[in-house]
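*Asks:* Compact mmCIF, C-alpha atoms, file my_file25.txt:
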```
# COMPACT_ATOMS: atom_id res chain seq x y z
CA MET A 1 21.56 70.24 62.74
CA GLY A 2 20.26 69.74 59.23
CA SER A 3 19.53 66.46 57.44
CA PRO A 4 22.35 64.72 55.52
CA GLY A 5 23.12 66.09 52.11
CA ARG A 6 21.45 69.51 52.47
CA GLY A 7 24.66 71.28 53.44
CA LEU A 8 25.64 74.11 55.74
CA VAL A 9 24.37 77.71 55.60
CA LEU A 10 26.58 80.37 57.19
CA VAL A 11 24.50 83.07 58.92
CA VAL A 12 26.47 86.27 59.56
CA GLU A 13 24.34 88.42 61.85
CA ASP A 14 25.19 90.40 65.00
CA GLU A 15 21.62 90.64 66.31
CA ALA A 16 21.22 87.48 68.37
CA ALA A 17 17.42 87.27 68.12
CA ILE A 18 17.48 87.51 64.31
CA ALA A 19 20.33 85.01 64.03
CA GLU A 20 18.51 82.51 66.26
CA LEU A 21 15.26 82.83 64.30
CA ALA A 22 17.02 82.47 60.95
CA ALA A 23 18.92 79.43 62.22
CA LEU A 24 15.74 77.83 63.57
CA TYR A 25 13.88 78.03 60.26
CA LEU A 26 16.86 77.03 58.14
CA LYS A 27 17.34 73.96 60.34
CA ARG A 28 13.63 73.15 60.00
CA ASP A 29 14.16 73.33 56.24
CA GLY A 30 16.88 70.69 56.43
CA PHE A 31 20.03 72.82 56.47
CA GLY A 32 22.86 72.83 58.94
CA VAL A 33 23.61 76.29 60.29
CA HIS A 34 26.74 77.99 61.58
CA VAL A 35 26.42 81.53 63.00
CA GLU A 36 29.09 84.23 63.08
CA THR A 37 28.71 87.78 64.41
CA ASP A 38 32.03 89.24 63.22
CA GLY A 39 33.02 89.96 59.61
CA GLY A 40 36.61 88.78 59.86
CA GLN A 41 35.59 85.55 61.56
CA ALA A 42 32.90 85.08 58.92
CA LEU A 43 35.50 85.17 56.13
CA GLU A 44 37.60 82.59 57.96
CA ALA A 45 34.49 80.42 58.45
CA VAL A 46 33.74 80.54 54.71
CA ARG A 47 37.24 79.30 53.91
CA ARG A 48 37.15 76.63 56.60
CA LEU A 49 33.61 75.30 56.30
CA LYS A 50 32.77 75.84 52.59
CA PRO A 51 29.07 76.60 53.20
CA VAL A 52 26.54 76.06 50.43
CA ALA A 53 25.14 79.59 50.98
CA ILE A 54 25.72 82.69 53.12
CA VAL A 55 23.02 84.81 54.78
CA LEU A 56 24.89 88.08 55.28
CA ASP A 57 23.81 91.13 57.28
CA ILE A 58 24.97 94.31 55.57
CA GLY A 59 25.03 96.41 58.75
CA LEU A 60 27.71 94.57 60.72
CA SER A 61 30.00 96.60 62.92
CA GLY A 62 33.61 96.66 61.77
CA MET A 63 33.82 94.82 58.46
CA ASP A 64 30.32 95.16 57.01
CA GLY A 65 28.47 92.80 54.68
CA ILE A 66 29.34 94.73 51.52
CA GLU A 67 33.06 94.47 52.32
CA ILE A 68 32.74 90.76 53.09
CA CYS A 69 30.98 90.08 49.79
CA LYS A 70 33.57 92.13 47.88
CA ALA A 71 36.39 90.18 49.54
CA LEU A 72 34.81 86.84 48.66
CA ARG A 73 34.21 87.76 45.02
CA ALA A 74 37.70 89.26 44.66
CA ALA A 75 39.10 85.93 45.87
CA GLY A 76 37.06 84.04 43.27
CA ASP A 77 34.60 82.65 45.82
CA TRP A 78 31.09 82.64 44.31
CA THR A 79 29.23 80.97 47.16
CA PRO A 80 25.61 82.23 46.90
CA VAL A 81 25.08 85.29 49.14
CA LEU A 82 21.73 86.55 50.38
CA PHE A 83 22.00 90.03 51.90
CA VAL A 84 19.89 91.06 54.89
CA THR A 85 19.62 94.73 55.82
CA ALA A 86 17.59 97.11 57.95
CA ARG A 87 17.80 99.76 55.20
CA ASP A 88 15.09 99.69 52.55
CA ASP A 89 17.03 101.74 50.04
CA GLU A 90 17.14 101.09 46.29
CA LEU A 91 20.75 102.24 46.01
CA ASP A 92 21.81 99.82 48.74
CA ARG A 93 20.01 97.01 46.97
CA LEU A 94 21.59 97.79 43.61
CA LEU A 95 25.05 98.09 45.15
CA GLY A 96 24.65 94.72 46.83
CA LEU A 97 23.58 92.99 43.63
CA GLU A 98 26.24 94.69 41.52
CA ILE A 99 29.07 93.37 43.70
CA GLY A 100 27.84 89.81 43.34
CA ALA A 101 25.07 89.20 45.88
CA ASP A 102 22.42 86.73 44.72
CA ASP A 103 19.38 88.08 46.59
CA TYR A 104 18.30 90.67 49.13
CA LEU A 105 15.90 90.79 52.10
CA THR A 106 14.92 93.81 54.18
CA LYS A 107 14.28 93.57 57.93
CA PRO A 108 11.84 92.70 59.33
CA PHE A 109 11.44 89.61 57.18
CA SER A 110 9.57 86.33 57.42
CA PRO A 111 11.96 83.52 58.42
CA ARG A 112 9.96 81.22 56.15
CA GLU A 113 10.68 83.57 53.25
CA LEU A 114 14.37 83.57 54.17
CA ALA A 115 14.49 79.76 53.98
CA ALA A 116 12.62 79.83 50.66
CA ARG A 117 15.00 82.44 49.22
CA VAL A 118 18.02 80.31 50.25
CA ARG A 119 16.52 77.31 48.44
CA THR A 120 15.92 79.47 45.37
CA VAL A 121 19.46 80.89 45.13
CA LEU A 122 20.86 77.37 45.55
CA ARG A 123 18.70 76.07 42.71
CA ARG A 124 19.85 78.93 40.48
CA ALA A 125 23.50 78.41 41.42
CA SER A 126 23.52 74.66 40.92
CA GLY A 127 21.87 74.48 37.50
CA PRO A 128 21.18 71.07 35.99
CA ALA A 129 23.19 68.44 37.85
CA PRO A 130 24.73 65.31 36.35
CA ALA A 131 22.89 62.13 37.23
CA THR A 132 25.97 59.95 37.67
CA PHE A 133 29.50 60.32 39.02
CA ALA A 134 32.35 57.86 38.64
CA VAL A 135 35.93 57.94 39.93
CA GLY A 136 38.22 54.96 39.67
CA GLY A 137 36.13 51.85 40.21
CA ALA A 138 33.35 53.60 42.17
CA ARG A 139 30.17 54.89 40.56
CA VAL A 140 26.91 56.40 41.85
CA ASP A 141 23.59 57.24 40.24
CA VAL A 142 22.18 60.23 42.13
CA LEU A 143 18.61 59.93 40.88
CA SER A 144 18.16 56.26 41.77
CA ARG A 145 20.59 56.46 44.73
CA ARG A 146 22.41 53.32 43.59
CA ALA A 147 26.14 52.65 43.86
CA TRP A 148 28.61 50.25 42.26
CA ALA A 149 32.06 48.92 43.00
CA GLY A 150 33.33 48.01 39.56
CA ASP A 151 30.40 46.16 37.96
CA VAL A 152 28.93 45.01 41.27
CA GLU A 153 26.11 46.99 42.86
CA ILE A 154 26.66 47.63 46.60
CA ALA A 155 24.23 48.53 49.36
CA LEU A 156 24.99 51.82 51.14
CA THR A 157 23.27 53.64 53.97
CA SER A 158 21.88 57.09 53.15
CA THR A 159 24.85 58.80 54.81
CA GLU A 160 27.39 56.53 53.13
CA PHE A 161 25.79 57.29 49.75
CA ASP A 162 25.86 61.06 50.37
CA LEU A 163 29.50 60.90 51.50
CA LEU A 164 30.63 58.85 48.50
CA THR A 165 28.69 61.09 46.11
CA HIS A 166 30.28 64.22 47.54
CA LEU A 167 33.77 62.76 47.18
CA LEU A 168 33.09 61.63 43.61
CA ARG A 169 31.72 65.06 42.68
CA HIS A 170 35.17 66.51 43.44
CA PRO A 171 37.69 64.08 41.89
CA GLY A 172 41.25 64.67 43.02
CA GLN A 173 40.23 67.47 45.42
CA VAL A 174 41.35 67.13 49.03
CA LEU A 175 38.35 67.69 51.30
CA SER A 176 38.91 68.32 55.00
CA ARG A 177 36.88 66.51 57.63
CA ASP A 178 35.18 69.80 58.53
CA GLN A 179 34.21 70.36 54.90
CA LEU A 180 32.78 66.85 54.68
CA LEU A 181 30.83 67.35 57.90
CA SER A 182 29.36 70.57 56.52
CA ALA A 183 28.46 69.14 53.13
CA VAL A 184 27.20 65.69 54.12
CA TRP A 185 26.01 65.89 57.70
CA GLY A 186 24.99 69.55 57.49
CA TYR A 187 26.87 70.80 60.54
CA ALA A 188 30.33 71.72 61.70
CA ALA A 189 31.77 70.39 64.95
CA ALA A 190 35.43 69.58 65.51
CA ALA A 191 34.51 66.88 68.02
CA GLY A 192 32.52 65.09 65.32
CA THR A 193 35.28 64.54 62.80
CA ARG A 194 35.69 60.95 64.00
CA THR A 195 32.29 60.31 62.42
CA VAL A 196 33.81 61.03 59.01
CA ASP A 197 36.65 58.55 59.58
CA VAL A 198 34.23 55.80 60.60
CA HIS A 199 32.04 56.28 57.53
CA VAL A 200 35.05 56.40 55.20
CA ALA A 201 36.26 53.11 56.69
CA GLN A 202 32.82 51.58 56.07
CA LEU A 203 32.82 52.84 52.48
CA ARG A 204 36.27 51.42 51.82
CA ALA A 205 35.19 48.04 53.18
CA LYS A 206 32.18 47.95 50.85
CA LEU A 207 34.05 49.25 47.79
CA GLY A 208 37.00 46.91 48.30
CA ALA A 209 39.64 47.13 45.57
CA SER A 210 37.41 49.59 43.66
CA SER A 211 37.73 52.28 46.34
CA PRO A 212 39.26 55.51 44.99
CA ILE A 213 39.35 57.16 48.43
CA ARG A 214 42.76 58.37 49.57
CA THR A 215 43.61 59.54 53.08
CA VAL A 216 45.45 62.85 53.28
CA ARG A 217 47.16 62.71 56.66
CA GLY A 218 46.16 65.49 59.02
CA ILE A 219 43.60 66.95 56.59
CA GLY A 220 40.94 64.62 55.21
CA TYR A 221 40.20 62.60 52.10
CA ALA A 222 40.19 62.71 48.31
CA ALA A 223 38.68 60.54 45.57
CA ASP A 224 41.50 59.99 43.09
CA PRO A 225 40.92 59.01 39.45
CA ALA A 226 42.67 55.81 38.43
```
Starting from the file, lay out its structure as structure tokens.

*Replies:*
Amino acid sequence: MGSPGRGLVLVVEDEAAIAELAALYLKRDGFGVHVETDGGQALEAVRRLKPVAIVLDIGLSGMDGIEICKALRAAGDWTPVLFVTARDDELDRLLGLEIGADDYLTKPFSPRELAARVRTVLRRASGPAPATFAVGGARVDVLSRRAWAGDVEIALTSTEFDLLTHLLRHPGQVLSRDQLLSAVWGYAAAAGTRTVDVHVAQLRAKLGASSPIRTVRGIGYAADPA
């Protein structure tokens, strides 16, 4: 699994050896990784897990990578996509970029280069980030990694800070436990959702009356503005 805060990369690749190598190097680079081999399942995984980026093989059987990217963009989903293909063809490359792909790699490729390209498309997609987030009585400073409940500074673990920051970045948005696992812990595992509940409980205890975190029964949590 990746380190907290780096987020989940969805690898859609039906060649097991390539998928394993890509996953290995992305994990070494601090990302969580979820692998799918089928186009339809990949689309469902994007909706369910909200990955930070998608490494997408063009030459999938059934629903290919071009169709997957088109479906995502048509639905208004602009998650960064890095195409991987066995075909070194300029027309293929242009088609991929015209439908909304962010980058393109031809097999065989260096797994180190793949990880570097993922970092690059994420930097381009994120742009300059705000330094502070505040919702209700909770506030965080991302650069100094400090947090406050009202006017009182509180001590948070690294994971607690990343979880609170992610909730405050999306005020009023209901985030499922799976989405929080992907974004904060960098992996997706249904059996691990209890981890989210425990950390939310710890955050609420530290924030006290300043906590903006609301439980959405059966789904997850939201940080609600006052």

*Asks:* Report, in Å to a single decimal, how far apart CA of Leu82 in chain A and CA of Ala116 in chain A are.

*Replies:*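 Pair CA of Ala116 in chain A / CA of Leu82 in chain A returns 11.3 Å.
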
*Asks:* When you look at Tyr104 in chain A with a cut-off of 7 Å (counting only C-alpha atoms), what residues show up, excluding the ones that are within fewer than 2 positions of it in the same chain? I need them as a list in words.

*Replies:*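 Selected residues are Leu82, Phe83, Val84, Arg93 and Thr106 of chain A.
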
*Asks:* Which residues are close to range 137-153 of chain A, i.e. within 6 Å by only C-alpha atoms, leaving aside same-chain residues fewer than 5 positions away? Reply as a list in words.

*Replies:*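 Counting only the stated atoms, we get Ala131, Thr132, Leu207 and Ser210 of chain A.
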
*Asks:* Since we have the selection now, will you write its residues out, keeping C-alpha atoms, as a compact mmCIF listing (two decimals), in the coordinates of the input?

*Replies:*
```txt
# COMPACT_ATOMS: atom_id res chain seq x y z
CA ALA A 131 22.89 62.13 37.23
CA THR A 132 25.97 59.95 37.67
CA LEU A 207 34.05 49.25 47.79
CA SER A 210 37.41 49.59 43.66
```

*Asks:* Can you pull out the residues contacting Asp77 in chain A? Cut-off 12 Å, using all atoms listed in the file, and skip same-chain residues under 3 positions away; I want them as a list in words.

*Replies:*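 Contacts, with the query itself left out: Leu43, Val46, Arg47, Lys50, Pro51, Val52, Ala53, Ile54, Ile68, Cys69, Lys70, Ala71, Leu72, Arg73, Ala74, Pro80, Val81, Gly100 and Ala101 of chain A.
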
*Asks:* Within 8 Å of Arg6 in chain A, counting only C-alpha atoms, which residues qualify if same-chain residues fewer than 5 places away don't, as a ChimeraX atom specification?

*Replies:* /A:30-32,183-186

*Asks:* Of the residues A:Val9, A:Arg214, A:Leu26, A:His170, which is the one nearest to Glu113 in chain A, using all atoms listed in the file?

*Replies:*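 The answer is A:Leu26, which sits nearest to Glu113 in chain A.
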
*Asks:* Find the spatial neighbours of Thr193 in chain A, counting only C-alpha atoms, within a cut-off of 8 Å - ignore same-chain residues fewer than 6 positions away - and output them as JSON, numbers by chain.

*Replies:* {"A": [177, 178, 181]}

*Asks:* Considering only C-alpha atoms, can you say which of A:Ala155, A:Val33, A:Ala205, A:Ile18 comes closest to Ser182 in chain A?

*Replies:* A:Val33

*Asks:* Hey, can I get the axis-aligned box for range 136-141 of chain A? All listed atoms, 4 Å padding on each side, centre and edge lengths in Å to one decimal, as lines of an AutoDock Vina configuration file.

*Replies:*
```
center_x = 30.9
center_y = 54.5
center_z = 40.9
size_x = 22.6
size_y = 13.4
size_z = 10.5
```

*Asks:* When you count all atoms listed in the file, which of these residues is closest to Trp78 in chain A: A:Met63, A:Ala45, A:Val200, A:Leu122?

*Replies:* A:Leu122
